[in-house]
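Student: Got start-v2.cif for you, mmCIF, C-alpha atoms:
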data_final
#
loop_
_atom_site.group_PDB
_atom_site.id
_atom_site.type_symbol
_atom_site.label_atom_id
_atom_site.label_comp_id
_atom_site.auth_asym_id
_atom_site.auth_seq_id
_atom_site.Cartn_x
_atom_site.Cartn_y
_atom_site.Cartn_z
ATOM 1 C CA MET A 171 103.858 53.162 152.389
ATOM 2 C CA PHE A 172 101.488 54.315 149.667
ATOM 3 C CA ILE A 173 98.333 52.592 148.599
ATOM 4 C CA LEU A 174 96.955 53.386 145.201
ATOM 5 C CA THR A 175 93.421 52.451 144.335
ATOM 6 C CA ALA A 176 91.697 52.849 141.053
ATOM 7 C CA LYS A 177 88.235 52.177 139.858
ATOM 8 C CA VAL A 178 88.336 50.471 136.468
ATOM 9 C CA GLN A 179 85.370 49.379 134.466
ATOM 10 C CA ARG A 180 85.440 45.820 133.161
ATOM 11 C CA LYS A 181 84.146 46.941 129.765
ATOM 12 C CA LYS A 182 87.172 49.221 129.320
ATOM 13 C CA ILE A 183 89.615 46.447 130.234
ATOM 14 C CA LEU A 184 87.867 44.061 127.855
ATOM 15 C CA GLY A 185 87.923 46.700 125.099
ATOM 16 C CA TRP A 186 91.666 47.300 125.549
ATOM 17 C CA CYS A 187 92.396 43.565 125.485
ATOM 18 C CA CYS A 188 90.321 43.017 122.329
ATOM 19 C CA GLY A 189 91.945 46.010 120.650
ATOM 20 C CA GLY A 190 95.403 44.676 121.515
ATOM 21 C CA ALA A 191 94.519 41.233 120.169
ATOM 22 C CA VAL A 192 93.246 42.719 116.891
ATOM 23 C CA LEU A 193 96.420 44.806 116.552
ATOM 24 C CA LEU A 194 98.623 41.768 117.222
ATOM 25 C CA CYS A 195 96.747 39.701 114.615
ATOM 26 C CA ALA A 196 97.090 42.510 112.061
ATOM 27 C CA LEU A 197 100.843 42.710 112.681
ATOM 28 C CA LEU A 198 101.298 38.936 112.330
ATOM 29 C CA LEU A 199 99.189 38.842 109.186
ATOM 30 C CA GLY A 200 101.167 41.726 107.706
ATOM 31 C CA ALA A 201 104.463 39.984 108.464
ATOM 32 C CA GLY A 202 103.156 36.807 106.828
ATOM 33 C CA CYS A 203 102.088 38.625 103.672
ATOM 34 C CA LEU A 204 105.563 40.093 103.382
ATOM 35 C CA GLY A 205 107.137 36.674 103.958
ATOM 36 C CA LEU A 206 108.764 37.892 107.172
ATOM 37 C CA GLY A 207 107.720 35.203 109.565
ATOM 38 C CA PRO A 208 106.093 31.863 110.228
ATOM 39 C CA ALA A 209 102.713 33.296 109.291
ATOM 40 C CA ALA A 210 103.780 32.730 105.668
ATOM 41 C CA ALA A 211 103.046 29.024 106.158
ATOM 42 C CA VAL A 212 99.587 29.914 107.472
ATOM 43 C CA MET A 213 98.932 31.931 104.317
ATOM 44 C CA GLY A 214 99.178 28.715 102.236
ATOM 45 C CA GLU A 215 102.813 29.051 101.253
ATOM 46 C CA ALA A 216 104.145 25.559 101.920
ATOM 47 C CA LYS A 217 107.903 25.177 101.676
ATOM 48 C CA VAL A 218 109.226 22.137 99.827
ATOM 49 C CA ASP A 219 112.788 21.117 100.686
ATOM 50 C CA GLY A 220 115.083 21.005 97.688
ATOM 51 C CA GLY A 221 118.412 21.590 99.380
ATOM 52 C CA ASP A 222 120.109 18.414 98.140
ATOM 53 C CA ASP A 223 119.759 15.687 95.515
ATOM 54 C CA ALA A 224 118.085 13.273 97.938
ATOM 55 C CA ALA A 225 115.342 15.783 98.791
ATOM 56 C CA ARG A 226 114.762 16.720 95.141
ATOM 57 C CA ILE A 227 114.613 13.060 94.059
ATOM 58 C CA ALA A 228 112.219 12.232 96.896
ATOM 59 C CA TYR A 229 109.999 15.102 95.755
ATOM 60 C CA LEU A 230 109.937 13.791 92.177
ATOM 61 C CA GLU A 231 109.245 10.258 93.451
ATOM 62 C CA SER A 232 106.191 11.626 95.298
ATOM 63 C CA PHE A 233 104.694 12.203 91.817
ATOM 64 C CA GLY A 234 105.535 8.631 90.763
ATOM 65 C CA TRP A 235 108.665 9.461 88.764
ATOM 66 C CA THR A 236 111.793 7.337 88.758
ATOM 67 C CA VAL A 237 114.868 9.358 87.861
ATOM 68 C CA ASN A 238 118.587 8.827 87.496
ATOM 69 C CA PRO A 239 120.143 10.097 90.726
ATOM 70 C CA ASP A 240 122.732 12.326 89.051
ATOM 71 C CA PRO A 241 121.346 15.536 87.541
ATOM 72 C CA VAL A 242 121.648 15.819 83.761
ATOM 73 C CA SER A 243 122.302 19.536 84.223
ATOM 74 C CA ILE A 244 122.403 22.247 86.854
ATOM 75 C CA GLU A 245 121.864 25.776 85.600
ATOM 76 C CA GLU A 246 121.738 29.116 87.337
ATOM 77 C CA LEU A 247 118.905 31.252 85.994
ATOM 78 C CA LEU A 248 117.712 34.780 86.584
ATOM 79 C CA ILE A 249 113.955 35.084 86.816
ATOM 80 C CA PRO A 250 113.166 38.259 84.880
ATOM 81 C CA LYS A 251 111.634 41.287 86.556
ATOM 82 C CA GLU A 252 109.220 41.705 83.650
ATOM 83 C CA PHE A 253 107.547 38.680 82.062
ATOM 84 C CA ASP A 254 107.006 38.467 78.306
ATOM 85 C CA GLU A 255 104.285 36.394 76.617
ATOM 86 C CA THR A 256 106.373 33.199 76.524
ATOM 87 C CA TYR A 257 107.197 33.422 80.204
ATOM 88 C CA THR A 258 103.539 34.126 81.022
ATOM 89 C CA GLU A 259 102.616 30.681 79.659
ATOM 90 C CA TYR A 260 105.254 29.107 81.890
ATOM 91 C CA LEU A 261 103.928 31.087 84.881
ATOM 92 C CA THR A 262 100.459 29.703 84.205
ATOM 93 C CA LEU A 263 101.858 26.154 84.217
ATOM 94 C CA GLN A 264 103.554 26.828 87.550
ATOM 95 C CA GLU A 265 100.462 28.461 89.075
ATOM 96 C CA GLN A 266 98.390 25.398 88.142
ATOM 97 C CA GLN A 267 100.770 23.388 90.350
ATOM 98 C CA GLY A 268 100.573 25.844 93.250
ATOM 99 C CA PHE A 269 103.883 27.643 92.605
ATOM 100 C CA ASP A 270 104.126 31.455 92.438
ATOM 101 C CA LEU A 271 107.197 32.532 90.488
ATOM 102 C CA LYS A 272 106.110 36.180 90.568
ATOM 103 C CA ARG A 273 107.486 36.346 94.109
ATOM 104 C CA TYR A 274 110.957 35.602 92.717
ATOM 105 C CA ARG A 275 111.178 38.337 90.060
ATOM 106 C CA GLY A 276 114.780 39.459 89.640
ATOM 107 C CA LYS A 277 116.104 36.571 91.789
ATOM 108 C CA ARG A 278 118.706 33.983 90.856
ATOM 109 C CA VAL A 279 117.541 30.369 91.063
ATOM 110 C CA LYS A 280 119.015 27.002 90.183
ATOM 111 C CA ARG A 281 117.364 24.582 87.800
ATOM 112 C CA TYR A 282 118.145 20.906 88.437
ATOM 113 C CA CYS A 283 117.239 18.534 85.585
ATOM 114 C CA TYR A 284 116.931 14.781 86.135
ATOM 115 C CA GLU A 285 116.395 12.125 83.478
ATOM 116 C CA ILE A 286 113.076 10.327 83.913
ATOM 117 C CA THR A 287 113.379 6.574 83.390
ATOM 118 C CA ASN A 288 109.700 5.597 83.667
ATOM 119 C CA TYR A 289 107.797 7.964 81.369
ATOM 120 C CA PRO A 290 104.419 6.261 80.651
ATOM 121 C CA SER A 291 104.788 6.312 76.847
ATOM 122 C CA GLY A 292 108.232 4.687 77.098
ATOM 123 C CA GLU A 293 109.815 7.750 75.524
ATOM 124 C CA THR A 294 113.444 8.331 76.469
ATOM 125 C CA GLY A 295 115.206 11.623 77.021
ATOM 126 C CA VAL A 296 112.374 13.077 79.093
ATOM 127 C CA GLN A 297 113.574 15.288 81.945
ATOM 128 C CA ALA A 298 112.101 16.621 85.153
ATOM 129 C CA GLY A 299 113.284 20.115 85.987
ATOM 130 C CA LEU A 300 113.056 21.691 89.426
ATOM 131 C CA LEU A 301 113.585 25.367 90.191
ATOM 132 C CA VAL A 302 115.235 25.885 93.584
ATOM 133 C CA HIS A 303 115.719 29.147 95.479
ATOM 134 C CA GLN A 304 117.723 29.058 98.717
ATOM 135 C CA GLY A 305 117.089 25.336 99.222
ATOM 136 C CA THR A 306 113.335 25.511 98.520
ATOM 137 C CA ILE A 307 111.623 24.095 95.436
ATOM 138 C CA ILE A 308 109.700 26.964 93.855
ATOM 139 C CA GLY A 309 108.705 25.412 90.508
ATOM 140 C CA GLY A 310 109.014 22.401 88.274
ATOM 141 C CA ASP A 311 108.110 20.781 84.990
ATOM 142 C CA VAL A 312 108.505 17.666 82.866
ATOM 143 C CA LEU A 313 109.727 18.136 79.309
ATOM 144 C CA SER A 314 110.931 16.403 76.195
ATOM 145 C CA SER A 315 113.609 18.285 74.309
ATOM 146 C CA ARG A 316 112.864 16.457 71.052
ATOM 147 C CA LEU A 317 111.819 18.521 68.050
ATOM 148 C CA ASP A 318 108.194 17.446 68.562
ATOM 149 C CA GLY A 319 108.652 17.634 72.349
ATOM 150 C CA PHE A 320 106.300 18.695 75.106
ATOM 151 C CA ILE A 321 106.224 20.342 78.499
ATOM 152 C CA HIS A 322 103.758 19.720 81.327
ATOM 153 C CA GLY A 323 103.523 19.881 85.091
ATOM 154 C CA LEU A 324 105.084 17.454 87.518
ATOM 155 C CA ASN A 325 102.026 15.204 87.763
ATOM 156 C CA MET A 326 102.360 11.902 85.926
ATOM 157 C CA PRO A 327 100.140 11.873 82.808
ATOM 158 C CA LYS A 328 97.409 9.268 82.736
#
Starting from the file, lay out its structure as structure tokens.
Tutor:
Amino acid sequence: MFILTAKVQRKKILGWCCGGAVLLCALLLGAGCLGLGPAAAVMGEAKVDGGDDAARIAYLESFGWTVNPDPVSIEELLIPKEFDETYTEYLTLQEQQGFDLKRYRGKRVKRYCYEITNYPSGETGVQAGLLVHQGTIIGGDVLSSRLDGFIHGLNMPK
């Protein structure tokens, strides 16, 4: 039988533990910044379910909208890798709502458009569009396709 004894200073043990904790935090934070783990939610990136019509309609209803349950259109779009001036304006609209489309450069997304039936001005033909990537809502807008139409965020105008 062998007995091994060692004299260890408490300060060294404490230093190693603190160093390990700092390293672990740095690794988790790095994974979150890259979108590799649950730390992404801690970084303020909330995921909004948009995997089916019921979830998308519920999301629109949370803004006060009433929509026809069947989408007017479903389109597959490619978010460009480079944004021109027109797209920059749309990015600003999305950023004001807390969406970051820059993360999806070069990715294919689906755009689901629903007819709004309770637009405050009584105007008809107004649509709510939601951008969905892998079942998550990543952007949205409300627009009128009329010649003198408009586009704004998902919040109901006052």
Student: Identify which of the residues A:Ser243, A:Gln297, A:Asn325, A:Thr236 lies closest to Leu313 of chain A, counting only C-alpha atoms when measuring atom-to-atom distances.
Tutor: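 Under the stated criterion, the closest residue is A:Gln297.
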Student: Report as an NGL selection string all protein, DNA and RNA residues lying within 8 Å of Leu230 of chain A, evaluated on only C-alpha atoms, omitting residues in the same chain fewer than 6 positions from it.
Tutor: :A and (236-237 or 298 or 324)
Student: Considering only C-alpha atoms, can you say which of A:Leu317, A:Val296, A:Leu271, A:Ile227 comes closest to Pro239 of chain A?
Tutor: A:Ile227
Student: Considering only C-alpha atoms, return as a PyMOL selection string whatever protein or nucleic-acid residues lie within 10 Å of Asp223 of chain A, sequence-local ones (same chain, fewer than 3 positions apart) excluded.
Tutor: chain A and resi 220+226-229+239-241+282+284
Student: Work out how far atom CA of Arg281 of chain A is from atom CA of Thr306 of chain A, in Å to one decimal.
Tutor: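 Distance reported for this atom pair: 11.5 Å.
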Student: I'd like to see the residues matched by the PyMOL selection byres ((chain A and resi 262) around 12) on this file, and ideally I'd get them as a VMD selection string.
Tutor: chain A and resid 253 255 to 261 263 to 272 309 to 311 322 to 323
Student: Which residue out of A:Pro290, A:Ile249, A:Val242, A:Val279 has the minimum interatomic distance to Ile307 of chain A when only C-alpha atoms are used?
Tutor: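 When distances to Ile307 of chain A are compared using only C-alpha atoms, the smallest one comes from A:Val279.
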Student: Once you add 8 Å to each side, what are the centre and edge lengths of the axis-aligned box holding all listed atoms of segment 295-309 of chain A? One decimal in Å, as lines of an AutoDock Vina configuration file, if you can.
Tutor:
center_x = 113.2
center_y = 20.4
center_z = 88.1
size_x = 25.0
size_y = 33.5
size_z = 38.2
Student: Name the residues in contact with Thr294 of chain A at a cut-off of 9 Å, using only C-alpha atoms, excluding same-chain residues fewer than 5 positions from it; report them as a ChimeraX atom specification.
Tutor: /A:285-289,314
Student: Using only C-alpha atoms, which of A:Ala224, A:Lys277, A:Ile308, A:Phe233 sits nearest Pro250 of chain A?
Tutor: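 Smallest distance to Pro250 of chain A is found for A:Lys277.
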Student: For a quick check of understanding, using all atoms listed in the file, which of A:Lys251, A:Lys280, A:Arg316, A:His303 has the smallest distance to Lys217 of chain A?
Tutor: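 Comparing A:Lys251, A:Lys280, A:Arg316, A:His303 against Lys217 of chain A, the winner is A:His303.
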Student: In Å, rounded to a single decimal, give me how far atom CA of Gly305 of chain A is from atom CA of Asp222 of chain A.
Tutor: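 If I compute the distance from atom CA of Asp222 of chain A to atom CA of Gly305 of chain A, I get 7.6 Å.
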Student: Point out the residue among A:Leu248, A:Gly221, A:Ile321, A:Pro327 with the least atom-to-atom distance to Gly276 of chain A, counting only C-alpha atoms.
Tutor: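 Selected residue with least distance to Gly276 of chain A: A:Leu248.
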Student: Quick one, how far is atom CA of Gly295 of chain A from atom CA of Lys328 of chain A?
Tutor: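 About the pair atom CA of Gly295 of chain A and atom CA of Lys328 of chain A: they are 18.8 Å apart.
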